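S.K.: The following block contains the structure, expressed as structure tokens.
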Amino acid sequence: LLFYEIPLLIESKLMKHFNVVIFIKAKKQLRLKRFKSKSGDKNLFNILNNKQMNDKKKIKFCDHIVVNEKNLNILKKKLLVIINRYE
């Protein structure tokens with residue numbers, strides 16, 4: 001299994017190169033908070049965020065949707081459930 005984190009995957013029309021697309025979503029304010037905690041600049045976040053497609057449109061191109069608004073351990077557990085379906 002190979003995993004890639006590609007924020008503009010759908011916007012770049014690269015989905016056809018992957019067997020499974022998992023959309024990991026979180027509220028904008030939470031994503032901004034996480035970005036800033038990694039020394040990210042709010043203006044850069046807004047530029048990158050504005051280049052992304054709206055979540056509702058993006059979901060149409062994904063095989064799975066995972067809400068990531070808790071902690072990393074919960075995210076890993078949710079992803080393992082999906083991964084186990086393909087083993």
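Residues are named by chain letter and number: chains run A, B, ... in the order of the structure tokens, numbers start at 1 in each chain, and ligands are numbered from 1 in the order shown.
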Near stretch 30-37 of chain A, within 12 Å and counting only C-alpha atoms, which residues show up once chain neighbours fewer than 3 positions away are dropped, as a PyMOL selection string?

M.R.: chain A and resi 24-27+40-49+67-72

S.K.: For A:Val20, please output as a list of chain:residue names all residues within 12 Å (counting only C-alpha atoms; exclusion window: fewer than 5 positions along the same chain).

M.R.: A:Leu1, A:Leu2, A:Phe3, A:Tyr4, A:Leu14, A:Met15, A:Phe61, A:Cys62, A:Asp63, A:His64, A:Ile65, A:Ile82, A:Ile83, A:Arg85, A:Tyr86

S.K.: Separation of atom CA of A:Ser39 and atom CA of A:Leu9, in Å?

M.R.: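 Result for atom CA of A:Ser39 versus atom CA of A:Leu9: 23.9 Å, one decimal.
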
S.K.: Go through A:Met53, A:Val21, A:Ile10, A:Leu79 and flag the residue nearest A:Val66, using only C-alpha atoms for the distances.

M.R.: A:Leu79

S.K.: Assign secondary structure with DSSP using the backbone only, and return the residues of stretch 3-61 of chain A in alpha helix (DSSP H) as an MDAnalysis selection string.

M.R.: chainID A and resid 28:37 42:51 55:59

S.K.: Looking only at strand (DSSP E) from DSSP on the backbone, list the matching residues of stretch 35-71 of chain A as a list of chain:residue names.

M.R.: A:His64, A:Ile65, A:Val66, A:Val67

S.K.: May I have the selected residues written with C-alpha atoms, as a tab-separated table (two decimals), in the first residue's frame?

M.R.:
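The result, stored in again.tsv:
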```
chain	number	residue	atom	x	y	z
A	64	HIS	CA	-14.17	7.37	1.36
A	65	ILE	CA	-14.67	10.44	3.56
A	66	VAL	CA	-13.08	10.68	7.00
A	67	VAL	CA	-13.85	13.51	9.40
```
